[in-house]
Amino acid sequence: MGNCKTIFFVSHMNNNKIIALITDFGDRGHFVGSMKGVILNLDPDIKIFDISHNIEPQNILEAAFTLSDTLNYWPEGTIFVVVVDPGVGMGRKTLAVKTRSGHIILCPDNGILTEICKDPGLEDIRVISEAMNRLPGSEKFHTFHGRDIFAYDAGRLATGQVNIKDIGFKMEDSIIILPIQEASVKYKAIEGSLIKVEYPFGNVCTNIPRSLCDELEFSGGDILQIEIFESDGLIHKGDLLFVNTFGEVDKETPMAYIDSSNRLGLAVNMGNFSSNYKINAGLTWRILVKHSKR
């Protein structure tokens, strides 16, 4: 980790002033509006964008992949505020990190950075000094760090009132990483995890990269056998046609495909795979995929 780019980065942020929000706060209530108000009070010219406020409540895994699937499409210098925070007020660290791609992320230290650590990687990790870097007058509030710390400090970073070096001390411990089972090939089959359900469509996303599908020579028109487990229980077993896109199968037909994040996905054309087969996603959900013998 180095500090040689700090001056350039702060200048870049003064030009962009872009803040992107990811939360599980939903579309009702005052939460998102309060965060935006705090930011705009610092500078009404800051551009604020909503990536998603419909992360499943407390679903850190979904937040981690939503962030990693989004970050590289945003301009260098964008500040991401990611608040899915079931441990708010309970002593977990509040982080400000700079990625190797030149983005800034403000989030709790609860696993949200799991995938970002791999790509693009982290260049600087700071633990925010909360007493000196929080919305004035919020000292007695303990349940809304999204407004009182993350949004407030994002606005200060965007306007150059503070830089990442000054917002807190360098993290010496390891950040929290979610225990996701990495996808791998075993005995001519790929074993992986179900990482999220895409709403509202109900497509099920895996962490199996295209490269492993290529390794086993999955190609369009192949029949794949899938087995889906939750904890140790088999939830679903079946054969799916491996296709390029939804319209290659009839309406209401299940299929496997490579999704827009370059990973294996499961879907039903004009339907809902998750609902049809009672499949969810999370750290206890895994999948086994191989060529069908049929």
# chains A, B, ... in the order shown; residues from 1 in each chain; ligands from 1
call {"tool": "residues_around", "arguments": {"residues": "Leu241 of chain A", "least_positions_apart": "2", "cutoff": "9 Å", "atoms": "only C-alpha atoms", "output": "MDAnalysis selection string"}}
result
chainID A and resid 220:225 239 243 249 254:257
call {"tool": "select_by_dssp", "arguments": {"residues": "segment 24-60 of chain A", "states": "strand (DSSP E)", "output": "PDB file with N, CA and C atoms, in the first residue's frame"}}
result
ATOM      1  N   LYS A  47     -23.010  14.755  -7.072  1.00  0.00           N
ATOM      2  CA  LYS A  47     -23.923  13.876  -7.814  1.00  0.00           C
ATOM      3  C   LYS A  47     -24.095  12.580  -7.028  1.00  0.00           C
ATOM      4  N   ILE A  48     -25.340  12.259  -6.684  1.00  0.00           N
ATOM      5  CA  ILE A  48     -25.642  11.073  -5.893  1.00  0.00           C
ATOM      6  C   ILE A  48     -26.445  10.109  -6.763  1.00  0.00           C
ATOM      7  N   PHE A  49     -26.005   8.852  -6.791  1.00  0.00           N
ATOM      8  CA  PHE A  49     -26.680   7.843  -7.599  1.00  0.00           C
ATOM      9  C   PHE A  49     -27.061   6.645  -6.731  1.00  0.00           C
ATOM     10  N   ASP A  50     -28.235   6.101  -6.994  1.00  0.00           N
ATOM     11  CA  ASP A  50     -28.712   4.922  -6.289  1.00  0.00           C
ATOM     12  C   ASP A  50     -28.399   3.685  -7.123  1.00  0.00           C
ATOM     13  N   ILE A  51     -27.499   2.833  -6.620  1.00  0.00           N
ATOM     14  CA  ILE A  51     -27.274   1.549  -7.277  1.00  0.00           C
ATOM     15  C   ILE A  51     -28.387   0.587  -6.884  1.00  0.00           C
ATOM     16  N   SER A  52     -28.601   0.418  -5.594  1.00  0.00           N
ATOM     17  CA  SER A  52     -29.730  -0.380  -5.114  1.00  0.00           C
ATOM     18  C   SER A  52     -29.971  -0.081  -3.649  1.00  0.00           C
TER      19      SER A  52
END
call {"tool": "residues_around", "arguments": {"residues": "segment 68-80 of chain A", "least_positions_apart": "5", "cutoff": "7 Å", "atoms": "only C-alpha atoms", "output": "ChimeraX atom specification"}}
result
/A:9,12-13,18-21,101-106,115-116,154,261
call {"tool": "residues_around", "arguments": {"residues": "Arg156 of chain A", "least_positions_apart": "3", "cutoff": "12 Å", "atoms": "only C-alpha atoms", "output": "MDAnalysis selection string"}}
result
chainID A and resid 10 13:14 17:19 38:43 46 79 106 133:135 149:153 159:164 166:167
call {"tool": "write_last_selection", "arguments": {"atoms": "N, CA and C atoms", "output": "CSV table (one decimal), in the first residue's frame"}}
result
chain,number,residue,atom,x,y,z
A,10,VAL,N,-7.5,13.1,-4.5
A,10,VAL,CA,-8.3,14.1,-3.9
A,10,VAL,C,-8.7,15.2,-5.0
A,13,MET,N,-11.4,13.7,-7.1
A,13,MET,CA,-12.7,13.7,-6.5
A,13,MET,C,-13.3,15.1,-6.5
A,14,ASN,N,-12.5,16.1,-6.4
A,14,ASN,CA,-13.1,17.5,-6.5
A,14,ASN,C,-13.7,17.7,-7.8
A,17,LYS,N,-17.0,14.4,-7.9
A,17,LYS,CA,-18.1,14.6,-6.8
A,17,LYS,C,-19.2,13.5,-7.1
A,18,ILE,N,-18.8,12.3,-7.3
A,18,ILE,CA,-19.8,11.2,-7.5
A,18,ILE,C,-19.9,10.3,-6.3
A,19,ILE,N,-21.1,10.1,-5.8
A,19,ILE,CA,-21.3,9.2,-4.7
A,19,ILE,C,-22.4,8.2,-5.1
A,38,VAL,N,-27.9,14.9,4.0
A,38,VAL,CA,-26.6,15.1,4.7
A,38,VAL,C,-25.5,15.5,3.7
A,39,ILE,N,-25.5,14.7,2.6
A,39,ILE,CA,-24.4,14.9,1.6
A,39,ILE,C,-24.6,16.2,0.9
A,40,LEU,N,-25.9,16.5,0.5
A,40,LEU,CA,-26.1,17.8,-0.3
A,40,LEU,C,-26.0,19.0,0.6
A,41,ASN,N,-26.1,18.9,1.9
A,41,ASN,CA,-25.8,20.0,2.8
A,41,ASN,C,-24.4,20.4,2.8
A,42,LEU,N,-23.5,19.4,2.5
A,42,LEU,CA,-22.1,19.7,2.4
A,42,LEU,C,-21.7,20.3,1.1
A,43,ASP,N,-22.4,19.9,0.0
A,43,ASP,CA,-22.2,20.5,-1.3
A,43,ASP,C,-23.4,20.1,-2.2
A,46,ILE,N,-22.8,17.9,-5.5
A,46,ILE,CA,-22.4,16.5,-5.5
A,46,ILE,C,-23.5,15.7,-6.2
A,79,ILE,N,-17.1,7.5,-5.1
A,79,ILE,CA,-17.2,7.0,-3.7
A,79,ILE,C,-18.4,6.2,-3.6
A,106,LEU,N,-16.9,3.3,1.5
A,106,LEU,CA,-17.2,3.4,2.9
A,106,LEU,C,-18.2,2.4,3.3
A,133,ASN,N,-15.2,12.2,13.1
A,133,ASN,CA,-15.7,12.1,11.7
A,133,ASN,C,-17.1,11.7,11.6
A,134,ARG,N,-18.0,12.4,12.3
A,134,ARG,CA,-19.4,12.0,12.2
A,134,ARG,C,-20.2,13.3,12.2
A,135,LEU,N,-21.4,13.2,11.7
A,135,LEU,CA,-22.3,14.4,11.6
A,135,LEU,C,-22.5,15.1,13.0
A,149,ILE,N,-22.3,8.7,9.8
A,149,ILE,CA,-20.9,8.5,9.5
A,149,ILE,C,-20.6,8.3,8.0
A,150,PHE,N,-21.2,7.3,7.4
A,150,PHE,CA,-20.9,6.9,6.0
A,150,PHE,C,-21.3,8.0,5.0
A,151,ALA,N,-22.5,8.5,5.1
A,151,ALA,CA,-22.9,9.5,4.1
A,151,ALA,C,-22.2,10.8,4.4
A,152,TYR,N,-22.1,11.2,5.7
A,152,TYR,CA,-21.4,12.4,6.1
A,152,TYR,C,-19.9,12.4,5.6
A,153,ASP,N,-19.2,11.4,5.8
A,153,ASP,CA,-17.8,11.3,5.4
A,153,ASP,C,-17.6,11.1,3.9
A,159,THR,N,-15.9,16.5,-1.4
A,159,THR,CA,-15.6,17.9,-1.6
A,159,THR,C,-14.2,18.2,-1.2
A,160,GLY,N,-13.4,17.2,-0.8
A,160,GLY,CA,-12.0,17.5,-0.5
A,160,GLY,C,-11.8,18.1,0.9
A,161,GLN,N,-12.8,18.1,1.8
A,161,GLN,CA,-12.7,18.6,3.1
A,161,GLN,C,-11.8,17.7,4.0
A,162,VAL,N,-11.7,16.4,3.5
A,162,VAL,CA,-10.9,15.4,4.2
A,162,VAL,C,-10.4,14.5,3.2
A,163,ASN,N,-9.3,13.9,3.4
A,163,ASN,CA,-8.8,12.8,2.5
A,163,ASN,C,-8.7,11.5,3.3
A,164,ILE,N,-8.6,10.4,2.5
A,164,ILE,CA,-8.6,9.1,3.2
A,164,ILE,C,-7.5,8.9,4.2
A,166,ASP,N,-6.5,11.0,6.3
A,166,ASP,CA,-6.8,11.8,7.5
A,166,ASP,C,-8.1,11.3,8.2
A,167,ILE,N,-8.8,10.4,7.6
A,167,ILE,CA,-10.1,10.1,8.1
A,167,ILE,C,-10.1,9.0,9.2
call {"tool": "closest_residue", "arguments": {"among": "A:Ala131, A:Ala158, A:Met35, A:Cys205", "to": "Glu62 of chain A", "atoms": "only C-alpha atoms"}}
result
A:Cys205
call {"tool": "residues_around", "arguments": {"residues": "Gly271 of chain A", "least_positions_apart": "6", "cutoff": "12 Å", "atoms": "only C-alpha atoms", "output": "PyMOL selection string"}}
result
chain A and resi 199-204+246-247+249-255+277
call {"tool": "residues_around", "arguments": {"residues": "segment 178-186 of chain A", "least_positions_apart": "3", "cutoff": "8 Å", "atoms": "only C-alpha atoms", "output": "PyMOL selection string"}}
result
chain A and resi 61+111+114+189-193+207-209+212+283
call {"tool": "closest_atom_pairs", "arguments": {"of": "segment 166-264 of chain A", "to": "segment 88-93 of chain A", "cutoff": "10 Å", "atoms": "only C-alpha atoms", "output": "CSV"}}
result
residue,atom,partner,partner_atom,distance
A:Met171,CA,A:Lys93,CA,9.8
A:Ile175,CA,A:Lys93,CA,9.2
A:Ile176,CA,A:Lys93,CA,9.9
call {"tool": "residues_around", "arguments": {"residues": "Gly146 of chain A", "least_positions_apart": "5", "cutoff": "9 Å", "atoms": "only C-alpha atoms", "output": "PyMOL selection string"}}
result
chain A and resi 23+31-32+35+81-85+107+151-152
call {"tool": "select_by_dssp", "arguments": {"residues": "segment 5-235 of chain A", "states": "helix (DSSP H, G or I)", "output": "ChimeraX atom specification"}}
result
/A:6-16,31-42,60-73,145-159,210-215
call {"tool": "atom_distance", "arguments": {"atom1": "atom CA of Leu234 of chain A", "atom2": "atom CA of Arg263 of chain A"}}
result
22.2 Å
call {"tool": "closest_residue", "arguments": {"among": "A:Cys117, A:Ile287, A:Ala63, A:Leu157", "to": "Gly233 of chain A", "atoms": "only C-alpha atoms"}}
result
A:Ile287
call {"tool": "decode", "arguments": {"residues": "segment 32-54 of chain A", "atoms": "C-alpha atoms", "output": "mmCIF file, in the first residue's frame"}}
result
data_model
loop_
_atom_site.group_PDB
_atom_site.id
_atom_site.type_symbol
_atom_site.label_atom_id
_atom_site.label_comp_id
_atom_site.auth_asym_id
_atom_site.auth_seq_id
_atom_site.Cartn_x
_atom_site.Cartn_y
_atom_site.Cartn_z
ATOM 1 C CA VAL A 32 -32.148 7.126 2.029
ATOM 2 C CA GLY A 33 -33.528 10.647 1.902
ATOM 3 C CA SER A 34 -31.752 11.566 5.126
ATOM 4 C CA MET A 35 -28.436 10.266 3.777
ATOM 5 C CA LYS A 36 -28.804 12.313 0.599
ATOM 6 C CA GLY A 37 -29.736 15.414 2.580
ATOM 7 C CA VAL A 38 -26.597 15.140 4.710
ATOM 8 C CA ILE A 39 -24.449 14.871 1.567
ATOM 9 C CA LEU A 40 -26.132 17.770 -0.264
ATOM 10 C CA ASN A 41 -25.834 20.026 2.763
ATOM 11 C CA LEU A 42 -22.072 19.652 2.390
ATOM 12 C CA ASP A 43 -22.210 20.544 -1.302
ATOM 13 C CA PRO A 44 -25.386 20.663 -3.442
ATOM 14 C CA ASP A 45 -23.299 19.995 -6.562
ATOM 15 C CA ILE A 46 -22.395 16.454 -5.479
ATOM 16 C CA LYS A 47 -23.923 13.876 -7.814
ATOM 17 C CA ILE A 48 -25.642 11.073 -5.893
ATOM 18 C CA PHE A 49 -26.680 7.843 -7.599
ATOM 19 C CA ASP A 50 -28.712 4.922 -6.289
ATOM 20 C CA ILE A 51 -27.274 1.549 -7.277
ATOM 21 C CA SER A 52 -29.730 -0.380 -5.114
ATOM 22 C CA HIS A 53 -31.645 0.081 -1.896
ATOM 23 C CA ASN A 54 -33.322 -3.302 -2.248
#
